[in-house]
>>> print(open('entry06.cif').read())   # mmCIF, C-alpha atoms
data_model
loop_
_atom_site.label_atom_id
_atom_site.label_comp_id
_atom_site.auth_asym_id
_atom_site.auth_seq_id
_atom_site.Cartn_x
_atom_site.Cartn_y
_atom_site.Cartn_z
CA MET A 1 80.75 106.17 118.45
CA ARG A 2 84.35 105.46 119.43
CA LEU A 3 87.15 107.02 117.42
CA THR A 4 90.77 106.09 118.08
CA ILE A 5 93.68 108.10 116.70
CA ILE A 6 96.95 106.17 116.53
CA GLY A 7 99.67 108.78 116.42
CA GLY A 8 97.53 110.91 118.71
CA GLY A 9 100.49 113.14 119.51
CA GLY A 10 100.73 114.24 115.89
CA PHE A 11 100.72 117.96 115.22
CA ARG A 12 97.69 117.86 112.89
CA VAL A 13 95.44 115.83 115.21
CA PRO A 14 93.64 118.98 116.48
CA LEU A 15 92.43 119.62 112.92
CA VAL A 16 90.51 116.34 113.04
CA TYR A 17 89.02 117.13 116.43
CA ARG A 18 88.06 120.64 115.32
CA ALA A 19 86.27 119.17 112.32
CA LEU A 20 84.35 116.84 114.65
CA LEU A 21 83.29 119.82 116.78
CA THR A 22 81.83 121.64 113.79
CA ALA A 23 80.10 118.59 112.29
CA ALA A 24 76.40 119.09 111.80
CA GLY A 25 73.52 117.68 109.80
CA ASP A 26 71.97 114.26 109.29
CA GLY A 27 74.34 111.36 109.49
CA SER A 28 77.06 113.26 111.37
CA PRO A 29 78.96 111.25 113.97
CA ASP A 30 77.60 111.67 117.50
CA ARG A 31 79.25 114.72 119.03
CA GLY A 32 78.91 113.05 122.42
CA SER A 33 81.26 110.30 121.32
CA GLU A 34 84.74 109.52 122.59
CA VAL A 35 88.09 110.24 121.01
CA THR A 36 90.98 108.10 122.23
CA LEU A 37 94.56 109.17 121.59
CA PHE A 38 97.50 106.80 121.55
CA ASP A 39 101.09 107.73 120.86
CA SER A 40 104.49 106.30 121.71
CA ASP A 41 105.58 109.78 122.87
CA SER A 42 103.82 110.60 126.15
CA THR A 43 104.94 114.24 126.16
CA ARG A 44 103.59 114.97 122.70
CA VAL A 45 100.24 113.28 123.32
CA ALA A 46 99.81 115.22 126.58
CA VAL A 47 100.34 118.50 124.69
CA ILE A 48 97.87 117.56 121.96
CA ALA A 49 95.29 116.42 124.53
CA ARG A 50 95.54 119.88 126.12
CA VAL A 51 94.97 121.55 122.76
CA LEU A 52 91.88 119.40 122.17
CA THR A 53 90.52 120.26 125.60
CA ALA A 54 90.84 123.95 124.78
CA LEU A 55 89.09 123.50 121.44
CA ALA A 56 86.19 121.75 123.19
CA ASP A 57 85.80 124.45 125.84
CA GLY A 58 82.25 125.77 125.76
CA VAL A 59 81.09 123.41 122.97
CA PRO A 60 78.02 121.45 124.12
CA GLY A 61 78.34 117.70 123.63
CA ALA A 62 81.98 117.86 122.56
CA PRO A 63 83.53 114.41 122.19
CA ARG A 64 85.31 113.24 125.32
CA VAL A 65 89.08 112.94 125.00
CA ARG A 66 91.13 110.26 126.70
CA VAL A 67 94.72 109.07 126.36
CA ALA A 68 95.31 105.32 126.19
CA GLU A 69 98.35 103.71 127.74
CA SER A 70 98.74 100.98 125.13
CA LEU A 71 97.86 100.25 121.51
CA ASP A 72 95.56 97.40 122.54
CA ALA A 73 93.67 99.59 125.01
CA ALA A 74 93.30 102.26 122.34
CA VAL A 75 91.88 100.09 119.54
CA ARG A 76 89.76 97.61 121.50
CA ASP A 77 86.12 97.87 120.33
CA ALA A 78 86.74 101.06 118.35
CA ASP A 79 84.31 101.96 115.56
CA PHE A 80 86.85 103.99 113.58
CA VAL A 81 90.62 103.99 113.83
CA PHE A 82 92.58 106.86 112.32
CA GLN A 83 96.22 106.03 111.71
CA ALA A 84 98.53 109.05 111.58
CA ILE A 85 101.93 107.75 112.63
CA ARG A 86 105.43 108.92 111.68
CA VAL A 87 107.85 106.07 112.30
CA GLY A 88 111.23 107.56 113.12
CA GLY A 89 109.73 111.00 113.69
CA THR A 90 110.74 114.07 111.73
CA ALA A 91 114.38 113.09 112.32
CA GLY A 92 113.76 110.01 110.17
CA ARG A 93 112.33 112.17 107.42
CA VAL A 94 115.41 114.39 107.56
CA ARG A 95 117.68 111.36 107.16
CA ASP A 96 115.64 110.09 104.18
CA GLU A 97 115.68 113.43 102.38
CA ARG A 98 119.34 114.12 103.08
CA ALA A 99 120.40 110.65 101.94
CA ALA A 100 118.67 111.25 98.59
CA LEU A 101 120.05 114.74 98.08
CA ALA A 102 123.54 113.55 98.91
CA GLU A 103 123.23 111.19 95.92
CA GLY A 104 121.98 113.95 93.65
CA VAL A 105 118.39 112.67 93.46
CA LEU A 106 115.09 113.99 94.77
CA GLY A 107 113.72 112.40 97.90
CA GLN A 108 110.63 113.99 99.44
CA GLU A 109 108.96 111.85 102.14
CA THR A 110 106.47 110.31 99.69
CA VAL A 111 108.24 110.80 96.36
CA GLY A 112 111.40 109.24 94.97
CA ALA A 113 114.02 107.67 97.20
CA GLY A 114 112.61 109.38 100.29
CA GLY A 115 109.24 107.71 99.80
CA VAL A 116 110.80 104.27 99.43
CA LEU A 117 113.00 104.71 102.49
CA TYR A 118 110.07 105.98 104.56
CA GLY A 119 107.91 103.07 103.39
CA LEU A 120 110.58 100.53 104.37
CA ARG A 121 110.60 101.94 107.90
CA THR A 122 106.83 102.41 108.25
CA ILE A 123 105.23 99.31 106.73
CA PRO A 124 106.32 96.78 109.42
CA VAL A 125 104.78 99.01 112.11
CA ALA A 126 101.60 99.55 110.08
CA LEU A 127 101.20 95.81 109.60
CA ARG A 128 101.46 95.19 113.35
CA ILE A 129 98.79 97.82 113.95
CA ALA A 130 96.55 96.20 111.33
CA GLU A 131 96.88 92.84 113.09
CA ARG A 132 95.86 94.35 116.44
CA VAL A 133 92.88 96.14 114.90
CA ARG A 134 91.73 92.93 113.23
CA ALA A 135 92.01 91.06 116.54
CA LEU A 136 90.51 93.67 118.89
CA ALA A 137 88.14 95.72 116.69
CA PRO A 138 87.20 93.46 113.76
CA HIS A 139 84.26 95.65 112.74
CA ALA A 140 86.22 98.90 112.82
CA TRP A 141 87.09 100.94 109.75
CA LEU A 142 90.71 102.04 109.62
CA ILE A 143 91.29 105.37 107.89
CA ASN A 144 94.93 105.76 106.97
CA PHE A 145 96.59 109.19 107.00
CA THR A 146 100.12 107.77 107.25
CA ASN A 147 102.51 108.45 104.37
CA PRO A 148 103.36 107.12 101.88
CA ALA A 149 99.57 106.79 102.01
CA GLY A 150 98.95 104.56 98.98
CA MET A 151 101.79 102.20 99.82
CA VAL A 152 100.88 101.92 103.51
CA THR A 153 97.18 101.44 102.70
CA GLU A 154 98.03 98.64 100.26
CA ALA A 155 100.17 96.88 102.85
CA MET A 156 97.43 97.13 105.51
CA ALA A 157 94.77 95.93 103.06
CA SER A 158 96.54 92.55 103.06
CA VAL A 159 95.32 92.25 106.67
CA LEU A 160 92.15 94.37 106.80
CA GLY A 161 90.83 94.09 103.24
CA HIS A 162 88.35 96.76 102.21
CA ARG A 163 88.02 98.00 105.79
CA VAL A 164 91.15 100.12 105.40
CA ILE A 165 90.81 103.29 103.30
CA GLY A 166 93.56 105.79 102.62
CA ILE A 167 92.96 109.53 102.43
CA CYS A 168 94.92 112.55 101.21
CA ASP A 169 94.10 116.23 101.00
CA SER A 170 95.95 116.95 97.73
CA PRO A 171 93.22 115.76 95.30
CA VAL A 172 90.37 117.59 97.05
CA GLY A 173 92.52 120.70 97.22
CA LEU A 174 93.16 120.49 93.47
CA VAL A 175 89.43 120.14 92.74
CA ARG A 176 88.61 123.05 95.04
CA ARG A 177 91.21 125.38 93.52
CA ALA A 178 90.30 124.42 89.95
CA ALA A 179 86.62 125.15 90.63
CA TRP A 180 87.44 128.54 92.12
CA ALA A 181 89.60 129.36 89.10
CA ALA A 182 86.73 128.40 86.81
CA GLY A 183 84.41 130.71 88.77
CA VAL A 184 82.11 128.12 90.33
CA ASP A 185 81.38 126.81 93.80
CA PRO A 186 83.50 123.68 94.50
CA ALA A 187 80.49 122.07 96.18
CA GLU A 188 78.60 122.18 92.85
CA VAL A 189 81.13 120.53 90.52
CA ARG A 190 81.47 116.96 89.32
CA PHE A 191 84.93 115.64 88.71
CA GLY A 192 87.01 112.72 87.54
CA TYR A 193 90.35 111.88 89.09
CA VAL A 194 92.57 108.81 88.80
CA GLY A 195 96.09 107.79 89.71
CA LEU A 196 98.08 106.67 92.71
CA ASN A 197 98.63 108.67 95.87
CA HIS A 198 100.67 111.78 94.99
CA LEU A 199 100.60 110.66 91.36
CA GLY A 200 97.13 111.51 90.05
CA TRP A 201 95.37 113.64 87.46
CA LEU A 202 92.12 115.62 87.41
CA ASN A 203 90.80 114.62 83.99
CA SER A 204 87.27 116.01 84.07
CA LEU A 205 85.53 118.93 85.76
CA THR A 206 81.92 119.85 85.03
CA HIS A 207 79.23 122.15 86.40
CA GLU A 208 75.59 121.39 85.64
CA GLY A 209 76.71 119.24 82.73
CA ARG A 210 79.01 121.90 81.28
CA ASP A 211 82.68 121.05 80.77
CA LEU A 212 84.96 123.40 82.71
CA LEU A 213 88.33 121.73 82.27
CA SER A 214 88.98 122.50 78.60
CA GLY A 215 88.16 126.17 79.08
CA LEU A 216 90.33 126.38 82.17
CA LEU A 217 93.30 124.80 80.39
CA ALA A 218 92.97 127.32 77.56
CA ASP A 219 92.86 130.35 79.88
CA ASP A 220 96.34 131.45 80.97
CA GLU A 221 94.93 134.15 83.22
CA ALA A 222 92.72 131.65 85.05
CA LEU A 223 95.58 129.17 85.35
CA ALA A 224 97.77 131.85 86.88
CA GLY A 225 95.13 132.28 89.58
CA PHE A 226 95.72 128.99 91.40
CA GLU A 227 98.60 126.94 92.69
CA GLU A 228 98.77 124.04 90.23
CA GLY A 229 98.25 126.35 87.28
CA ARG A 230 101.27 128.40 88.33
CA LEU A 231 103.35 125.33 89.20
CA PHE A 232 103.04 123.68 85.79
CA GLY A 233 102.18 126.56 83.44
CA GLY A 234 99.65 126.67 80.65
CA GLU A 235 101.83 125.24 77.89
CA LEU A 236 102.64 122.06 79.82
CA LEU A 237 99.10 121.65 81.11
CA ARG A 238 97.60 121.97 77.63
CA SER A 239 100.01 119.34 76.30
CA LEU A 240 98.94 117.01 79.11
CA GLY A 241 95.24 117.75 78.71
CA THR A 242 94.74 117.29 82.46
CA LEU A 243 95.46 119.00 85.76
CA PRO A 244 98.13 117.00 87.61
CA ASN A 245 98.42 116.59 91.34
CA GLU A 246 100.98 119.05 92.71
CA TYR A 247 103.43 116.22 93.49
CA LEU A 248 103.88 115.51 89.79
CA HIS A 249 106.11 118.56 89.82
CA TYR A 250 108.88 116.16 90.88
CA TYR A 251 108.44 114.25 87.61
CA TYR A 252 107.59 116.96 85.07
CA LEU A 253 109.97 119.63 86.41
CA GLY A 254 112.57 117.58 88.24
CA ARG A 255 115.64 119.68 87.42
CA GLU A 256 113.97 122.89 88.52
CA THR A 257 112.79 121.28 91.75
CA ARG A 258 116.27 119.92 92.47
CA ARG A 259 117.81 123.36 91.92
CA ALA A 260 115.23 124.88 94.25
CA ALA A 261 116.03 122.24 96.88
CA ASP A 262 119.72 123.10 96.65
CA ALA A 263 119.01 126.82 96.84
CA ALA A 264 116.72 126.43 99.84
CA GLY A 265 119.62 125.38 102.05
CA GLY A 266 117.35 123.06 104.05
CA THR A 267 114.73 120.39 103.45
CA ARG A 268 111.07 120.43 104.39
CA GLY A 269 111.83 117.73 106.93
CA GLU A 270 114.46 119.91 108.57
CA PHE A 271 112.02 122.82 108.75
CA LEU A 272 109.36 120.64 110.38
CA GLU A 273 111.84 119.10 112.80
CA ARG A 274 112.87 122.57 114.00
CA GLN A 275 109.36 123.96 114.03
CA GLN A 276 107.61 121.05 115.71
CA GLY A 277 110.48 120.42 118.10
CA ALA A 278 110.27 124.02 119.28
CA PHE A 279 106.49 123.85 119.56
CA PHE A 280 106.37 120.68 121.64
CA THR A 281 109.24 121.79 123.88
CA GLU A 282 107.63 125.15 124.64
CA ALA A 283 104.09 123.77 124.90
CA ALA A 284 105.16 121.01 127.32
CA ARG A 285 106.65 123.70 129.61
CA ASP A 286 103.47 125.78 129.48
CA LEU A 287 100.43 123.63 128.76
CA GLU A 288 98.09 126.56 129.44
CA HIS A 289 99.35 128.40 126.36
CA ALA A 290 99.71 125.30 124.18
CA PRO A 291 96.46 125.94 122.20
CA ALA A 292 97.45 129.46 121.10
CA LEU A 293 100.97 128.33 120.30
CA TRP A 294 99.59 125.44 118.25
CA GLU A 295 97.46 127.77 116.11
CA LYS A 296 100.39 130.12 115.48
CA THR A 297 102.62 127.19 114.50
CA ARG A 298 99.92 125.67 112.30
CA LEU A 299 99.54 128.84 110.25
CA GLU A 300 103.28 129.01 109.66
CA ARG A 301 103.28 125.36 108.58
CA GLU A 302 100.44 125.91 106.13
CA ARG A 303 101.98 129.06 104.64
CA THR A 304 105.26 127.28 103.93
CA TYR A 305 103.75 124.07 102.53
CA GLY A 306 105.05 123.37 99.00
CA ALA A 307 107.51 126.29 99.15
CA GLU A 308 110.16 124.29 97.30
CA GLN A 309 107.90 123.64 94.31
CA ARG A 310 106.63 127.23 94.26
CA ALA A 311 110.20 128.53 94.32
CA ALA A 312 111.07 126.31 91.35
CA SER A 313 108.24 127.70 89.25
CA GLY A 314 107.84 131.22 90.62
CA GLY A 315 104.49 130.17 92.01
CA GLY A 316 104.22 132.85 94.70
CA GLU A 317 102.32 132.52 97.98
CA ARG A 318 99.59 130.05 98.86
CA ASP A 319 95.95 131.05 98.47
CA SER A 320 94.67 132.35 101.80
CA ARG A 321 91.68 130.01 101.48
CA ASP A 322 94.08 127.05 101.74
CA LEU A 323 95.38 128.23 105.10
CA VAL A 324 92.20 127.44 107.04
CA GLY A 325 93.29 123.81 107.47
CA GLY A 326 95.06 120.99 105.75
CA GLY A 327 91.83 119.68 104.21
CA TYR A 328 92.43 116.03 105.01
CA GLU A 329 90.44 116.33 108.23
CA HIS A 330 87.32 117.21 106.23
CA VAL A 331 87.84 114.23 103.93
CA ALA A 332 88.15 112.03 107.02
CA LEU A 333 84.99 113.47 108.57
CA ASP A 334 82.99 113.10 105.36
CA LEU A 335 84.19 109.52 105.01
CA MET A 336 83.32 108.63 108.59
CA ARG A 337 79.94 110.32 108.31
CA ALA A 338 79.10 108.51 105.06
CA ILE A 339 79.92 105.10 106.54
CA SER A 340 78.33 105.59 109.96
CA GLY A 341 75.16 107.19 108.59
CA ASP A 342 74.93 105.21 105.33
CA ARG A 343 74.96 108.57 103.59
CA ARG A 344 76.08 108.28 99.97
CA THR A 345 78.99 110.64 99.44
CA ARG A 346 81.45 111.10 96.59
CA LEU A 347 85.09 111.41 97.67
CA ILE A 348 88.59 110.88 96.23
CA LEU A 349 90.12 108.03 98.22
CA ASN A 350 92.81 105.38 98.19
CA VAL A 351 91.02 102.06 97.69
CA ARG A 352 91.37 98.74 95.91
CA ASN A 353 91.39 99.14 92.14
CA ALA A 354 88.61 96.60 91.45
CA GLY A 355 88.88 97.05 87.69
CA THR A 356 88.98 100.86 87.71
CA VAL A 357 92.30 100.82 85.83
CA PRO A 358 92.26 97.53 83.88
CA ALA A 359 96.06 97.41 83.49
CA LEU A 360 96.52 97.24 87.28
CA PRO A 361 95.69 94.26 89.53
CA ASP A 362 92.29 94.39 91.16
CA ASP A 363 93.81 94.46 94.64
CA ALA A 364 96.22 97.31 93.87
CA ILE A 365 95.45 100.51 95.77
CA VAL A 366 94.62 103.43 93.50
CA GLU A 367 93.50 106.99 94.24
CA THR A 368 90.23 107.75 92.53
CA VAL A 369 86.66 108.98 92.90
CA CYS A 370 84.51 106.72 95.08
CA GLU A 371 80.93 106.49 96.23
CA VAL A 372 80.86 105.83 99.97
CA ASP A 373 78.06 104.21 101.98
CA ALA A 374 77.73 101.91 105.00
CA GLN A 375 79.49 99.11 103.11
CA GLY A 376 82.58 101.21 102.43
CA ALA A 377 84.11 102.99 99.44
CA HIS A 378 83.37 101.89 95.88
CA PRO A 379 85.33 103.28 92.89
CA VAL A 380 83.13 104.83 90.22
CA PRO A 381 83.80 104.47 86.47
CA CYS A 382 86.29 107.03 85.25
CA LEU A 383 88.10 108.16 82.14
CA SER A 384 91.01 105.85 81.42
CA PRO A 385 94.44 107.41 82.00
CA GLY A 386 96.48 108.12 78.88
CA LEU A 387 99.52 106.07 77.94
CA ALA A 388 101.95 108.48 79.60
CA GLU A 389 99.94 108.58 82.83
CA LEU A 390 99.40 104.84 82.81
CA GLY A 391 103.10 104.25 82.26
CA LEU A 392 103.98 106.25 85.36
CA MET A 393 101.29 104.49 87.37
CA LEU A 394 102.55 101.04 86.38
CA GLN A 395 106.15 101.93 87.17
CA LEU A 396 105.30 103.43 90.56
CA LYS A 397 103.00 100.55 91.45
CA ALA A 398 105.92 98.18 90.81
CA VAL A 399 108.01 100.33 93.16
CA GLU A 400 105.30 100.28 95.83
CA ARG A 401 104.87 96.52 95.66
CA ALA A 402 108.61 95.88 95.77
CA THR A 403 108.86 98.19 98.81
CA ILE A 404 106.02 96.38 100.59
CA ALA A 405 107.64 93.02 99.90
CA ALA A 406 111.02 94.29 101.08
CA ALA A 407 109.60 95.76 104.29
CA SER A 408 107.51 92.67 105.02
CA THR A 409 110.42 90.26 104.58
CA ARG A 410 113.28 92.54 105.71
CA SER A 411 114.98 91.85 102.39
CA SER A 412 117.78 94.24 101.47
CA ALA A 413 117.82 92.79 97.93
CA LEU A 414 114.16 93.70 97.43
CA ALA A 415 114.73 97.13 98.99
CA ARG A 416 117.53 97.78 96.52
CA HIS A 417 115.25 96.57 93.71
CA ALA A 418 112.50 98.98 94.78
CA LEU A 419 114.89 101.92 94.74
CA THR A 420 116.35 100.86 91.38
CA LEU A 421 112.88 100.72 89.81
CA HIS A 422 111.98 104.26 90.82
CA PRO A 423 112.10 106.70 87.86
CA LEU A 424 113.60 109.40 90.10
CA VAL A 425 116.53 107.16 91.07
CA ASP A 426 118.85 107.15 88.08
CA SER A 427 120.94 103.99 88.53
CA ALA A 428 121.23 100.72 90.38
CA THR A 429 124.54 101.93 91.82
CA THR A 430 122.77 104.96 93.27
CA ALA A 431 120.13 102.67 94.75
CA GLU A 432 122.83 100.53 96.38
CA ARG A 433 124.51 103.58 97.93
CA LEU A 434 121.16 104.98 99.13
CA LEU A 435 120.32 101.75 100.90
CA ARG A 436 123.81 101.45 102.43
CA ASN A 437 123.73 105.07 103.60
CA ARG A 438 120.24 104.67 105.01
CA LEU A 439 121.33 101.71 107.11
CA ALA A 440 124.37 103.64 108.32
CA MET A 441 122.28 106.67 109.30
CA GLU A 442 119.64 104.79 111.28
CA PRO A 443 120.12 105.16 115.07
CA SER A 444 120.16 101.37 115.58
CA ALA A 445 122.99 100.90 113.06
#
>>> encode(input="entry06.cif", output="structure tokens")
Amino acid sequence: MRLTIIGGGGFRVPLVYRALLTAAGDGSPDRGSEVTLFDSDSTRVAVIARVLTALADGVPGAPRVRVAESLDAAVRDADFVFQAIRVGGTAGRVRDERAALAEGVLGQETVGAGGVLYGLRTIPVALRIAERVRALAPHAWLINFTNPAGMVTEAMASVLGHRVIGICDSPVGLVRRAAWAAGVDPAEVRFGYVGLNHLGWLNSLTHEGRDLLSGLLADDEALAGFEEGRLFGGELLRSLGTLPNEYLHYYYLGRETRRAADAAGGTRGEFLERQQGAFFTEAARDLEHAPALWEKTRLERERTYGAEQRAASGGGERDSRDLVGGGYEHVALDLMRAISGDRRTRLILNVRNAGTVPALPDDAIVETVCEVDAQGAHPVPCLSPGLAELGLMLQLKAVERATIAAASTRSSALARHALTLHPLVDSATTAERLLRNRLAMEPSA
């Protein structure tokens, strides 16, 4: 089994490799397989390769690690391709977020103006990768980690069809935390979830046929025991009748989040640029100590994830159980295992709608519960979203599609339209200034 990771110098790549090392049971990918890394930054990929080598030390049958010199060499004849790229690096994220804040609007890398700007920069690169995968590994499955995940997956599906699947760790984290708060093992619950990436709702949660969600929503003490419960509060959650993805904080509590962003004095992108820049600089000087330094840096990254939202709501510290890993690596492993071993598995994924939400086109990418087997991921029937949820989904899908069209055609008019449509961008004039400022801030400008 050949796995290629495009963006192999990414900081979170060791989480994927570590998950491969611990895989066990029927249908698991062959631990004697090969993992190929490709990255445009040779220094970063060398550091990450060293970390992987250390993780594999003493593990029988650990997957071989190699670094490819070109994209074509990396993807040729691969069985699975993981895409985890960051076009423009963390510096690009900083520019996106700062451009939005300068206009008085929110702009996280996947939400609001920041998400649109990041998509405009990323989609052309993702489409070129999709074309090379189709040409050189036509039977491969591409698993997309790259943000904005739903938007990028939808763009790549125009080339790869159902053989591209997007993943995110937010939904599975929400299910896990909700189950813990309800006092049951997350592995034993059934759940319903529907939306778009970073815009979804957990609308059912059961254990052995018993509804857990209604009781959880009514219990302020239980809600205070997990992250999303503290972020949104019992009163809001009961009015919604669902548990929203953490990123809906930008929509339901936008003013508070903006105040917290101002008070923080720095964006998440700026934190990651400093942190990761320091890590890669130090690790490149001393490859022997790169693995220990990576683990220390990873823990700091996990502890500070979502700090802006928690500050806005008084949400406190992250649950220590969420610090083990980002979670997305386990989704990726379960997905790969289900496809390669034809092992039916239920996962929350970004896939083609195929009638799941009748108001959306069948080829629109949605984030929902799927059954996975050797033929891919198949959405399962779910509770229909309410009018308010559907309204947000339709609006954001229009934004996503306008962004894809703008990026594919290099149209500034369509880019401005995409920004204008976004509910977190409050005027067409703001959209025009955002686009003009973004062009001025890009290094090539």
>>> residues_around(input="entry06.cif", residues="range 367-376 of chain A", least_positions_apart="3", cutoff="8 Å", atoms="only C-alpha atoms", output="PDB file with C-alpha atoms, in the coordinates of the input")
ATOM      1  CA  GLY A 150      98.950 104.560  98.980  1.00  0.00           C
ATOM      2  CA  HIS A 162      88.350  96.760 102.210  1.00  0.00           C
ATOM      3  CA  ARG A 163      88.020  98.000 105.790  1.00  0.00           C
ATOM      4  CA  GLY A 192      87.010 112.720  87.540  1.00  0.00           C
ATOM      5  CA  TYR A 193      90.350 111.880  89.090  1.00  0.00           C
ATOM      6  CA  VAL A 194      92.570 108.810  88.800  1.00  0.00           C
ATOM      7  CA  GLY A 195      96.090 107.790  89.710  1.00  0.00           C
ATOM      8  CA  LEU A 196      98.080 106.670  92.710  1.00  0.00           C
ATOM      9  CA  ASN A 197      98.630 108.670  95.870  1.00  0.00           C
ATOM     10  CA  GLY A 200      97.130 111.510  90.050  1.00  0.00           C
ATOM     11  CA  LEU A 335      84.190 109.520 105.010  1.00  0.00           C
ATOM     12  CA  ALA A 338      79.100 108.510 105.060  1.00  0.00           C
ATOM     13  CA  ILE A 339      79.920 105.100 106.540  1.00  0.00           C
ATOM     14  CA  SER A 340      78.330 105.590 109.960  1.00  0.00           C
ATOM     15  CA  GLY A 341      75.160 107.190 108.590  1.00  0.00           C
ATOM     16  CA  ASP A 342      74.930 105.210 105.330  1.00  0.00           C
ATOM     17  CA  ARG A 343      74.960 108.570 103.590  1.00  0.00           C
ATOM     18  CA  ARG A 344      76.080 108.280  99.970  1.00  0.00           C
ATOM     19  CA  THR A 345      78.990 110.640  99.440  1.00  0.00           C
ATOM     20  CA  ARG A 346      81.450 111.100  96.590  1.00  0.00           C
ATOM     21  CA  LEU A 347      85.090 111.410  97.670  1.00  0.00           C
ATOM     22  CA  ILE A 348      88.590 110.880  96.230  1.00  0.00           C
ATOM     23  CA  LEU A 349      90.120 108.030  98.220  1.00  0.00           C
ATOM     24  CA  ASN A 350      92.810 105.380  98.190  1.00  0.00           C
ATOM     25  CA  VAL A 351      91.020 102.060  97.690  1.00  0.00           C
ATOM     26  CA  PRO A 379      85.330 103.280  92.890  1.00  0.00           C
ATOM     27  CA  VAL A 380      83.130 104.830  90.220  1.00  0.00           C
ATOM     28  CA  CYS A 382      86.290 107.030  85.250  1.00  0.00           C
TER      29      CYS A 382
END
>>> atom_distance(input="entry06.cif", atom1="CA of Ala218 in chain A", atom2="CA of Leu390 in chain A")
24.0 Å
>>> residues_around(input="entry06.cif", residues="Ile123 in chain A", least_positions_apart="2", cutoff="8 Å", atoms="only C-alpha atoms", output="list in words")
Gly119, Leu120, Arg121, Val125, Ala126, Leu127, Val152, Ala155, Ile404, Ala407 and Ser408 of chain A
>>> residues_near_point(input="entry06.cif", point="(97.0, 129.3, 80.1)", cutoff="9 Å", atoms="all atoms listed in the file", output="PyMOL selection string")
chain A and resi 216-224+229+233-235+237-238
>>> closest_residue(input="entry06.cif", among="A:Arg433, A:Arg76, A:Arg93, A:Arg2", to="Thr122 in chain A", atoms="all atoms listed in the file")
A:Arg93
>>> resolve_selection(input="entry06.cif", expression="the PyMOL selection byres ((chain A and resi 406) around 12)", output="tab-separated table (two decimals) with C-alpha atoms, in the coordinates of the input")
chain	number	residue	atom	x	y	z
A	116	VAL	CA	110.80	104.27	99.43
A	117	LEU	CA	113.00	104.71	102.49
A	119	GLY	CA	107.91	103.07	103.39
A	120	LEU	CA	110.58	100.53	104.37
A	121	ARG	CA	110.60	101.94	107.90
A	122	THR	CA	106.83	102.41	108.25
A	123	ILE	CA	105.23	99.31	106.73
A	124	PRO	CA	106.32	96.78	109.42
A	155	ALA	CA	100.17	96.88	102.85
A	399	VAL	CA	108.01	100.33	93.16
A	400	GLU	CA	105.30	100.28	95.83
A	401	ARG	CA	104.87	96.52	95.66
A	402	ALA	CA	108.61	95.88	95.77
A	403	THR	CA	108.86	98.19	98.81
A	404	ILE	CA	106.02	96.38	100.59
A	405	ALA	CA	107.64	93.02	99.90
A	407	ALA	CA	109.60	95.76	104.29
A	408	SER	CA	107.51	92.67	105.02
A	409	THR	CA	110.42	90.26	104.58
A	410	ARG	CA	113.28	92.54	105.71
A	411	SER	CA	114.98	91.85	102.39
A	412	SER	CA	117.78	94.24	101.47
A	413	ALA	CA	117.82	92.79	97.93
A	414	LEU	CA	114.16	93.70	97.43
A	415	ALA	CA	114.73	97.13	98.99
A	416	ARG	CA	117.53	97.78	96.52
A	417	HIS	CA	115.25	96.57	93.71
A	418	ALA	CA	112.50	98.98	94.78
A	419	LEU	CA	114.89	101.92	94.74
A	435	LEU	CA	120.32	101.75	100.90
>>> closest_residue(input="entry06.cif", among="A:Ala283, A:Arg258, A:Ala157, A:Thr356", to="Val45 in chain A", atoms="only C-alpha atoms")
A:Ala283
>>> closest_residue(input="entry06.cif", among="A:Leu212, A:Leu55, A:Leu231, A:Leu272", to="Phe11 in chain A", atoms="all atoms listed in the file")
A:Leu272
>>> resolve_selection(input="entry06.cif", expression="the PyMOL selection byres ((chain A and resi 159) around 12)", output="list in words")
Ala126, Leu127, Arg128, Ile129, Ala130, Glu131, Arg132, Val133, Arg134, Ala135, Pro138, Leu142, Val152, Thr153, Glu154, Ala155, Met156, Ala157, Ser158, Leu160, Gly161, His162, Arg163 and Val164 of chain A
>>> write_last_selection(input="entry06.cif", atoms="C-alpha atoms", output="CSV table (one decimal), keeping the file's coordinate frame")
chain,number,residue,atom,x,y,z
A,126,ALA,CA,101.6,99.6,110.1
A,127,LEU,CA,101.2,95.8,109.6
A,128,ARG,CA,101.5,95.2,113.4
A,129,ILE,CA,98.8,97.8,114.0
A,130,ALA,CA,96.6,96.2,111.3
A,131,GLU,CA,96.9,92.8,113.1
A,132,ARG,CA,95.9,94.4,116.4
A,133,VAL,CA,92.9,96.1,114.9
A,134,ARG,CA,91.7,92.9,113.2
A,135,ALA,CA,92.0,91.1,116.5
A,138,PRO,CA,87.2,93.5,113.8
A,142,LEU,CA,90.7,102.0,109.6
A,152,VAL,CA,100.9,101.9,103.5
A,153,THR,CA,97.2,101.4,102.7
A,154,GLU,CA,98.0,98.6,100.3
A,155,ALA,CA,100.2,96.9,102.8
A,156,MET,CA,97.4,97.1,105.5
A,157,ALA,CA,94.8,95.9,103.1
A,158,SER,CA,96.5,92.6,103.1
A,160,LEU,CA,92.2,94.4,106.8
A,161,GLY,CA,90.8,94.1,103.2
A,162,HIS,CA,88.4,96.8,102.2
A,163,ARG,CA,88.0,98.0,105.8
A,164,VAL,CA,91.2,100.1,105.4
>>> resolve_selection(input="entry06.cif", expression="the PyMOL selection byres ((chain A and resi 394) around 12)", output="count of residues only")
30
>>> closest_residue(input="entry06.cif", among="A:Val172, A:Ala181, A:Ala431, A:Val81", to="Ala100 in chain A", atoms="all atoms listed in the file")
A:Ala431
>>> residues_around(input="entry06.cif", residues="Asn245 in chain A", least_positions_apart="5", cutoff="8 Å", atoms="all atoms listed in the file", output="list in words")
Ser170, Pro171, Leu174, His198, Leu199, Gly200, Trp201, Leu202 and Glu228 of chain A
